Amino acid sequence: MSSWRDNVRSVEPYTPGEQPKEENVIKLNTNENPYPPSQKVKEAMAEIKNLRKYPDPAASDLTGAIAAYHGFDKDEVFVGVGSDDVLAVAFMTFFNGKKPVFFPDITYSFYPVWADLFKIPFDTKALDDEFKIIPQDYYGENGGVVFPNPNAPTGAALSLDVIEDIICHNQDVVVIIDEAYVDFGADTAKELTRKYENVLVVQTYSKSRSLAGLRIGYAIGNKELIKAMNDVKYSYNSYTMNEPSIVMGKAVLADEDYFQETRKKIIETREWFKEEMKKIGFSFADSKANFIFAAHESVAAKEIFEAAKKNKIYVRYFDKPRINNYLRITIGTKQEMEVLLDFLKKYVKR
């Protein structure tokens with residue numbers, strides 16, 4: 001007789017960054033914002049009154065606020081439970097052909113997981129020796145293109161000219177630009193969605209907005225793309241956005257001064273940290289994200305990762321080809337980075 005196990009879908013799951021249970025740690029492994037959310041988020045909590053009812057399936061208040069903030073129409077915005085949810089819906093919606101979807105070999109590691117889960121053929125394109133995308137690699141026939149800008153985990157960013165070049169060579173498929181870290185120094189491609197009907201730009205509240213715990217992501221694209229995504233969403237879960245996320249997600253957009261203040265602090269700390277890391281033998285791409293992706297000239301990354309963890313400092317290590325001697329280090333507060341730097345100075349010179 002056939003076993004029920006024969007019908008279980010088997011996939012290699014995405015591995016999220018470790019969430020330490022111990023107290024008094026310095027957590028620099030999942031690219032969270034080190035600063036608290038805007039005070040307007042706390043004030044908005046008093047407006048959450050309808051938890052016994054289902055939320056608005058269209059999340060109209062939140063969608064409208066995001067659209068207005070970016071200068072788009074409401075029906076040009078799709079919202080989801082973090083950018084992971086938005087990207088997963090986009091994969092299901094747009095990548096249904098027999099030709100492979102293109103994305104980089106060193107990139108957000110959820111892309112191959114979704115491709116495997118949804119039975120989407122894919123072909124990874126190798127980054128160059130400086131961890132940059134080679135645009136010409138994306139000129140070939142394909143079933144779609146997706147890449148982060150800035151890239152994760154390398155932090156390297158593409159110019160809008162390069163992004164548009166890739167789009168121009170792929171106008172018969174959907175091109176997704178994953179901008180989870182764009183607020184830390186890269187140029188957004190959102191205006192290209194007005195020029196090209198096949199372009200989708202995805203952003204998130206989890207990084208620059210200090211709201212990873214609320215799980216809010218969104219996409220900007222032309223009305224036809226957004227309608228197609230909503231059709232897929234309503235086909236498996238109509239109520240993806242909860243009431244607190246809708247209310248607080250709208251409120252945070254009303255505090256632009258605080259957003260710019262915390263964003264500036266992270267960028268300034270990152271640039272300072274880059275210079276200090278170079279002094280003790282680390283090298284890395286010119287990150288435009290809220291992290292750096294660094295390798296030491298003589299000490300193995302895995303060794304540093306394990307030693308730092310013993311000292312209650314968490315960074316991210318990927319045991320994968322080409323990047324198994326690199327650490328991805330989130331930019332925390334200046335004080336947190338000083339503690340890490342002090343540890344590294346002692347450890348690499350021991």
# chains A, B, ... in the order shown; residues from 1 in each chain; ligands from 1
$ residues_around --residues "range 232-234 of chain A" --least-positions-apart "3" --cutoff "12 Å" --atoms "only C-alpha atoms" --output "ChimeraX atom specification"
/A:57-58,78-81,85-94,225-229,237-241
$ residues_around --residues "Val199 in chain A" --least-positions-apart "4" --cutoff "12 Å" --atoms "only C-alpha atoms" --output "PyMOL selection string"
chain A and resi 76+90+94+144-147+163-164+166-168+170-178+189-195+219-226
$ write_last_selection --atoms "N, CA and C atoms" --output "compact mmCIF listing (two decimals), in the first residue's frame"
# COMPACT_ATOMS: atom_id res chain seq x y z
N GLU A 76 -2.19 50.88 -7.51
CA GLU A 76 -0.84 50.57 -7.97
C GLU A 76 0.03 50.04 -6.83
N ALA A 90 4.10 37.30 -5.64
CA ALA A 90 4.60 37.69 -6.97
C ALA A 90 5.16 36.48 -7.72
N PHE A 94 3.41 35.57 -11.29
CA PHE A 94 4.06 35.95 -12.54
C PHE A 94 5.03 34.92 -13.13
N GLY A 144 11.34 35.30 -16.36
CA GLY A 144 11.20 36.38 -15.40
C GLY A 144 12.55 36.67 -14.75
N VAL A 145 12.66 37.83 -14.14
CA VAL A 145 13.91 38.25 -13.50
C VAL A 145 13.57 38.82 -12.12
N VAL A 146 14.40 38.48 -11.12
CA VAL A 146 14.24 39.06 -9.79
C VAL A 146 15.62 39.25 -9.19
N PHE A 147 15.84 40.39 -8.57
CA PHE A 147 17.10 40.64 -7.87
C PHE A 147 16.89 41.72 -6.80
N ILE A 163 19.91 49.02 -13.85
CA ILE A 163 18.59 48.40 -13.66
C ILE A 163 17.73 48.57 -14.90
N GLU A 164 17.73 49.77 -15.45
CA GLU A 164 16.91 50.01 -16.65
C GLU A 164 17.43 49.21 -17.84
N ILE A 166 18.74 46.23 -17.69
CA ILE A 166 18.21 44.87 -17.51
C ILE A 166 16.73 44.83 -17.90
N ILE A 167 15.97 45.84 -17.49
CA ILE A 167 14.55 45.90 -17.84
C ILE A 167 14.36 45.96 -19.35
N CYS A 168 15.14 46.80 -20.01
CA CYS A 168 15.01 46.98 -21.45
C CYS A 168 15.23 45.68 -22.21
N ASN A 170 14.35 42.79 -21.06
CA ASN A 170 13.40 41.80 -20.54
C ASN A 170 11.98 42.35 -20.48
N GLN A 171 11.53 42.94 -21.58
CA GLN A 171 10.22 43.58 -21.56
C GLN A 171 9.05 42.63 -21.81
N ASP A 172 9.35 41.36 -22.07
CA ASP A 172 8.27 40.39 -22.26
C ASP A 172 8.06 39.50 -21.04
N VAL A 173 8.75 39.81 -19.93
CA VAL A 173 8.56 39.08 -18.68
C VAL A 173 8.47 40.09 -17.55
N VAL A 174 8.03 39.64 -16.38
CA VAL A 174 7.98 40.52 -15.22
C VAL A 174 9.37 40.60 -14.57
N VAL A 175 9.80 41.82 -14.30
CA VAL A 175 11.08 42.07 -13.62
C VAL A 175 10.76 42.60 -12.22
N ILE A 176 11.23 41.90 -11.21
CA ILE A 176 10.98 42.28 -9.81
C ILE A 176 12.26 42.82 -9.20
N ILE A 177 12.19 44.04 -8.65
CA ILE A 177 13.32 44.63 -7.95
C ILE A 177 12.99 44.66 -6.47
N ASP A 178 13.72 43.90 -5.70
CA ASP A 178 13.48 43.73 -4.26
C ASP A 178 14.29 44.79 -3.51
N ALA A 189 13.88 52.22 -7.76
CA ALA A 189 13.45 52.11 -9.15
C ALA A 189 11.95 52.30 -9.30
N LYS A 190 11.29 52.84 -8.28
CA LYS A 190 9.83 52.91 -8.32
C LYS A 190 9.31 53.73 -9.51
N GLU A 191 10.04 54.78 -9.92
CA GLU A 191 9.58 55.58 -11.05
C GLU A 191 9.63 54.80 -12.36
N LEU A 192 10.46 53.76 -12.41
CA LEU A 192 10.51 52.94 -13.62
C LEU A 192 9.24 52.12 -13.81
N THR A 193 8.45 51.97 -12.74
CA THR A 193 7.17 51.26 -12.88
C THR A 193 6.18 52.07 -13.70
N ARG A 194 6.38 53.38 -13.80
CA ARG A 194 5.52 54.22 -14.64
C ARG A 194 5.90 54.08 -16.11
N LYS A 195 7.17 53.82 -16.35
CA LYS A 195 7.70 53.76 -17.71
C LYS A 195 7.57 52.37 -18.33
N ALA A 219 4.28 46.20 -2.62
CA ALA A 219 4.80 46.27 -3.98
C ALA A 219 4.16 47.44 -4.69
N ILE A 220 4.93 48.05 -5.58
CA ILE A 220 4.45 49.13 -6.44
C ILE A 220 4.60 48.67 -7.88
N GLY A 221 3.54 48.81 -8.65
CA GLY A 221 3.58 48.41 -10.05
C GLY A 221 2.32 48.90 -10.75
N ASN A 222 2.22 48.62 -12.03
CA ASN A 222 1.04 49.09 -12.74
C ASN A 222 -0.21 48.32 -12.29
N LYS A 223 -1.36 48.88 -12.58
CA LYS A 223 -2.63 48.36 -12.05
C LYS A 223 -2.88 46.90 -12.43
N GLU A 224 -2.46 46.54 -13.62
CA GLU A 224 -2.70 45.17 -14.06
C GLU A 224 -1.89 44.17 -13.23
N LEU A 225 -0.64 44.51 -12.95
CA LEU A 225 0.20 43.64 -12.11
C LEU A 225 -0.41 43.50 -10.72
N ILE A 226 -0.81 44.64 -10.15
CA ILE A 226 -1.34 44.62 -8.78
C ILE A 226 -2.65 43.85 -8.71
$ residues_around --residues "Phe293 in chain A" --least-positions-apart "4" --cutoff "7 Å" --atoms "only C-alpha atoms" --output "ChimeraX atom specification"
/A:153-155,284-285,326-329
$ write_last_selection --atoms "N, CA and C atoms" --output "PDB file, in the first residue's frame"
ATOM      1  N   PRO A 153      23.188  38.951   0.404  1.00  0.00           N
ATOM      2  CA  PRO A 153      23.780  39.527   1.610  1.00  0.00           C
ATOM      3  C   PRO A 153      24.983  40.446   1.378  1.00  0.00           C
ATOM      4  N   THR A 154      25.263  40.859   0.144  1.00  0.00           N
ATOM      5  CA  THR A 154      26.513  41.574  -0.110  1.00  0.00           C
ATOM      6  C   THR A 154      26.437  43.070   0.163  1.00  0.00           C
ATOM      7  N   GLY A 155      25.254  43.669   0.037  1.00  0.00           N
ATOM      8  CA  GLY A 155      25.099  45.100   0.250  1.00  0.00           C
ATOM      9  C   GLY A 155      25.406  45.956  -0.961  1.00  0.00           C
ATOM     10  N   PHE A 284      35.394  44.310   2.117  1.00  0.00           N
ATOM     11  CA  PHE A 284      33.967  44.137   1.839  1.00  0.00           C
ATOM     12  C   PHE A 284      33.575  45.017   0.669  1.00  0.00           C
ATOM     13  N   ALA A 285      32.440  44.671   0.068  1.00  0.00           N
ATOM     14  CA  ALA A 285      31.873  45.508  -0.986  1.00  0.00           C
ATOM     15  C   ALA A 285      31.393  46.817  -0.374  1.00  0.00           C
ATOM     16  N   TYR A 326      32.818  34.841   4.711  1.00  0.00           N
ATOM     17  CA  TYR A 326      32.283  36.189   4.936  1.00  0.00           C
ATOM     18  C   TYR A 326      31.298  36.182   6.099  1.00  0.00           C
ATOM     19  N   LEU A 327      31.219  37.325   6.765  1.00  0.00           N
ATOM     20  CA  LEU A 327      30.233  37.553   7.805  1.00  0.00           C
ATOM     21  C   LEU A 327      29.322  38.695   7.378  1.00  0.00           C
ATOM     22  N   ARG A 328      28.036  38.523   7.562  1.00  0.00           N
ATOM     23  CA  ARG A 328      27.118  39.639   7.342  1.00  0.00           C
ATOM     24  C   ARG A 328      26.827  40.263   8.698  1.00  0.00           C
ATOM     25  N   ILE A 329      27.180  41.521   8.820  1.00  0.00           N
ATOM     26  CA  ILE A 329      27.098  42.208  10.106  1.00  0.00           C
ATOM     27  C   ILE A 329      26.106  43.364  10.005  1.00  0.00           C
TER      28      ILE A 329
END
$ closest_atom_pairs --of "range 251-293 of chain A" --to "range 202-211 of chain A" --cutoff "12 Å" --atoms "only C-alpha atoms" --output "CSV"
residue,atom,partner,partner_atom,distance
A:Ala251,CA,A:Arg209,CA,11.3
A:Val252,CA,A:Arg209,CA,7.7
A:Leu253,CA,A:Arg209,CA,8.8
A:Ala254,CA,A:Arg209,CA,11.7
A:Asp255,CA,A:Arg209,CA,10.2
A:Glu256,CA,A:Arg209,CA,10.2
A:Asp257,CA,A:Arg209,CA,11.9
A:Tyr258,CA,A:Arg209,CA,9.4
A:Phe259,CA,A:Arg209,CA,6.7
A:Gln260,CA,A:Ser208,CA,9.2
A:Glu261,CA,A:Ser208,CA,10.6
A:Thr262,CA,A:Ser208,CA,7.9
A:Arg263,CA,A:Ser208,CA,6.4
A:Lys264,CA,A:Ser208,CA,10.1
A:Lys265,CA,A:Ser208,CA,10.9
A:Ile266,CA,A:Ser208,CA,9.1
A:Ile267,CA,A:Ser208,CA,10.7
A:Ala289,CA,A:Lys207,CA,9.5
A:Asn290,CA,A:Lys207,CA,8.0
A:Phe291,CA,A:Lys207,CA,10.7
$ write_last_selection --atoms "N, CA and C atoms" --output "CSV table (one decimal), in the first residue's frame"
chain,number,residue,atom,x,y,z
A,251,ALA,N,0.2,55.0,10.4
A,251,ALA,CA,0.6,56.0,11.3
A,251,ALA,C,2.1,56.3,11.1
A,252,VAL,N,2.9,55.3,10.9
A,252,VAL,CA,4.4,55.6,10.9
A,252,VAL,C,4.8,56.4,9.7
A,253,LEU,N,4.0,56.4,8.6
A,253,LEU,CA,4.3,57.2,7.5
A,253,LEU,C,4.1,58.7,7.7
A,254,ALA,N,3.4,59.0,8.8
A,254,ALA,CA,3.2,60.5,9.1
A,254,ALA,C,4.3,61.1,9.9
A,255,ASP,N,5.4,60.3,10.2
A,255,ASP,CA,6.5,60.9,10.9
A,255,ASP,C,7.8,60.8,10.1
A,256,GLU,N,7.8,61.6,9.1
A,256,GLU,CA,9.0,61.6,8.1
A,256,GLU,C,10.3,62.1,8.8
A,257,ASP,N,10.2,63.0,9.7
A,257,ASP,CA,11.4,63.5,10.4
A,257,ASP,C,12.1,62.4,11.2
A,258,TYR,N,11.3,61.6,11.9
A,258,TYR,CA,11.9,60.5,12.7
A,258,TYR,C,12.5,59.5,11.8
A,259,PHE,N,11.8,59.2,10.7
A,259,PHE,CA,12.4,58.2,9.7
A,259,PHE,C,13.7,58.7,9.2
A,260,GLN,N,13.8,59.9,8.8
A,260,GLN,CA,15.0,60.5,8.2
A,260,GLN,C,16.1,60.5,9.3
A,261,GLU,N,15.8,60.8,10.5
A,261,GLU,CA,16.7,60.9,11.6
A,261,GLU,C,17.4,59.5,11.9
A,262,THR,N,16.6,58.5,12.0
A,262,THR,CA,17.1,57.2,12.3
A,262,THR,C,17.9,56.6,11.1
A,263,ARG,N,17.4,56.8,9.9
A,263,ARG,CA,18.1,56.4,8.7
A,263,ARG,C,19.4,57.0,8.6
A,264,LYS,N,19.5,58.3,8.9
A,264,LYS,CA,20.8,59.0,8.9
A,264,LYS,C,21.8,58.4,9.9
A,265,LYS,N,21.3,58.1,11.1
A,265,LYS,CA,22.2,57.6,12.1
A,265,LYS,C,22.8,56.2,11.7
A,266,ILE,N,22.0,55.4,11.0
A,266,ILE,CA,22.5,54.1,10.6
A,266,ILE,C,23.5,54.3,9.5
A,267,ILE,N,23.2,55.1,8.6
A,267,ILE,CA,24.2,55.4,7.5
A,267,ILE,C,25.5,55.9,8.0
A,289,ALA,N,23.5,49.1,2.2
A,289,ALA,CA,22.4,48.6,3.0
A,289,ALA,C,22.7,48.8,4.5
A,290,ASN,N,21.9,48.3,5.4
A,290,ASN,CA,22.2,48.5,6.8
A,290,ASN,C,23.0,47.3,7.4
A,291,PHE,N,23.9,46.8,6.6
A,291,PHE,CA,24.8,45.8,7.0
A,291,PHE,C,26.1,45.9,6.1
$ residues_around --residues "Thr188 in chain A" --least-positions-apart "4" --cutoff "8 Å" --atoms "only C-alpha atoms" --output "PDB file with N, CA and C atoms, in the first residue's frame"
ATOM      1  N   LEU A 160      20.563  53.104 -11.331  1.00  0.00           N
ATOM      2  CA  LEU A 160      19.309  53.019 -12.081  1.00  0.00           C
ATOM      3  C   LEU A 160      19.552  52.763 -13.555  1.00  0.00           C
ATOM      4  N   GLU A 179      13.611  45.823  -3.018  1.00  0.00           N
ATOM      5  CA  GLU A 179      14.283  46.976  -2.424  1.00  0.00           C
ATOM      6  C   GLU A 179      14.156  47.011  -0.892  1.00  0.00           C
ATOM      7  N   VAL A 182      16.706  49.617   0.350  1.00  0.00           N
ATOM      8  CA  VAL A 182      16.946  50.770  -0.519  1.00  0.00           C
ATOM      9  C   VAL A 182      17.093  52.081   0.245  1.00  0.00           C
TER      10      VAL A 182
END
$ select_by_dssp --residues "range 104-170 of chain A" --states "strand (DSSP E)" --output "PDB file with C-alpha atoms, in the first residue's frame"
ATOM      1  CA  PRO A 104      21.886  35.994  -8.864  1.00  0.00           C
ATOM      2  CA  PHE A 122      15.252  28.898 -12.408  1.00  0.00           C
ATOM      3  CA  ASP A 123      18.792  29.688 -13.448  1.00  0.00           C
ATOM      4  CA  THR A 124      21.215  31.537 -11.181  1.00  0.00           C
ATOM      5  CA  LYS A 125      23.659  34.047 -12.661  1.00  0.00           C
ATOM      6  CA  GLY A 144      11.204  36.378 -15.395  1.00  0.00           C
ATOM      7  CA  VAL A 145      13.907  38.254 -13.497  1.00  0.00           C
ATOM      8  CA  VAL A 146      14.241  39.062  -9.793  1.00  0.00           C
ATOM      9  CA  PHE A 147      17.101  40.638  -7.867  1.00  0.00           C
ATOM     10  CA  PRO A 148      17.575  42.700  -4.706  1.00  0.00           C
TER      11      PRO A 148
END
$ closest_atom_pairs --of "range 5-40 of chain A" --to "range 332-338 of chain A" --cutoff "12 Å" --atoms "only C-alpha atoms" --output "tab-separated table"
residue	atom	partner	partner_atom	distance
A:Asn24	CA	A:Glu336	CA	11.4
A:Val25	CA	A:Glu336	CA	9.8
A:Ile26	CA	A:Glu336	CA	6.6
A:Lys27	CA	A:Gly332	CA	8.1
A:Leu28	CA	A:Gly332	CA	6.6
A:Asn29	CA	A:Gly332	CA	10.0
A:Thr30	CA	A:Gly332	CA	10.7
A:Asn31	CA	A:Gly332	CA	8.6
A:Glu32	CA	A:Gly332	CA	8.3
A:Asn33	CA	A:Gly332	CA	7.1
A:Pro34	CA	A:Gly332	CA	5.1
A:Tyr35	CA	A:Thr333	CA	7.7
A:Pro36	CA	A:Thr333	CA	11.2
$ write_last_selection --atoms "N, CA and C atoms" --output "PDB file, in the first residue's frame"
ATOM      1  N   ASN A  24      20.743  40.123  27.273  1.00  0.00           N
ATOM      2  CA  ASN A  24      21.963  40.944  27.213  1.00  0.00           C
ATOM      3  C   ASN A  24      22.899  40.530  26.082  1.00  0.00           C
ATOM      4  N   VAL A  25      22.315  40.349  24.905  1.00  0.00           N
ATOM      5  CA  VAL A  25      23.129  40.044  23.731  1.00  0.00           C
ATOM      6  C   VAL A  25      23.143  41.252  22.801  1.00  0.00           C
ATOM      7  N   ILE A  26      24.145  41.292  21.950  1.00  0.00           N
ATOM      8  CA  ILE A  26      24.176  42.276  20.873  1.00  0.00           C
ATOM      9  C   ILE A  26      23.777  41.530  19.603  1.00  0.00           C
ATOM     10  N   LYS A  27      22.630  41.864  19.077  1.00  0.00           N
ATOM     11  CA  LYS A  27      22.028  41.098  17.978  1.00  0.00           C
ATOM     12  C   LYS A  27      22.223  41.839  16.656  1.00  0.00           C
ATOM     13  N   LEU A  28      23.162  41.342  15.864  1.00  0.00           N
ATOM     14  CA  LEU A  28      23.512  41.984  14.597  1.00  0.00           C
ATOM     15  C   LEU A  28      23.453  40.954  13.456  1.00  0.00           C
ATOM     16  N   ASN A  29      22.445  40.076  13.514  1.00  0.00           N
ATOM     17  CA  ASN A  29      22.417  38.963  12.566  1.00  0.00           C
ATOM     18  C   ASN A  29      21.189  38.912  11.663  1.00  0.00           C
ATOM     19  N   THR A  30      20.204  39.790  11.864  1.00  0.00           N
ATOM     20  CA  THR A  30      19.001  39.715  11.018  1.00  0.00           C
ATOM     21  C   THR A  30      18.592  41.070  10.443  1.00  0.00           C
ATOM     22  N   ASN A  31      19.492  42.017  10.451  1.00  0.00           N
ATOM     23  CA  ASN A  31      19.295  43.319   9.788  1.00  0.00           C
ATOM     24  C   ASN A  31      18.089  44.092  10.305  1.00  0.00           C
ATOM     25  N   GLU A  32      17.779  43.910  11.580  1.00  0.00           N
ATOM     26  CA  GLU A  32      16.723  44.712  12.192  1.00  0.00           C
ATOM     27  C   GLU A  32      17.250  46.114  12.480  1.00  0.00           C
ATOM     28  N   ASN A  33      16.341  47.050  12.603  1.00  0.00           N
ATOM     29  CA  ASN A  33      16.711  48.419  12.926  1.00  0.00           C
ATOM     30  C   ASN A  33      16.994  48.515  14.426  1.00  0.00           C
ATOM     31  N   PRO A  34      18.113  49.132  14.840  1.00  0.00           N
ATOM     32  CA  PRO A  34      18.427  49.191  16.269  1.00  0.00           C
ATOM     33  C   PRO A  34      17.625  50.226  17.041  1.00  0.00           C
ATOM     34  N   TYR A  35      16.883  51.070  16.317  1.00  0.00           N
ATOM     35  CA  TYR A  35      16.138  52.146  16.974  1.00  0.00           C
ATOM     36  C   TYR A  35      14.657  51.794  17.064  1.00  0.00           C
ATOM     37  N   PRO A  36      13.974  52.270  18.096  1.00  0.00           N
ATOM     38  CA  PRO A  36      12.551  51.955  18.249  1.00  0.00           C
ATOM     39  C   PRO A  36      11.714  52.628  17.176  1.00  0.00           C
TER      40      PRO A  36
END
$ closest_residue --among "A:Gly82, A:Gly71, A:Pro16, A:Gly143" --to "Ser245 in chain A" --atoms "only C-alpha atoms"
A:Gly82
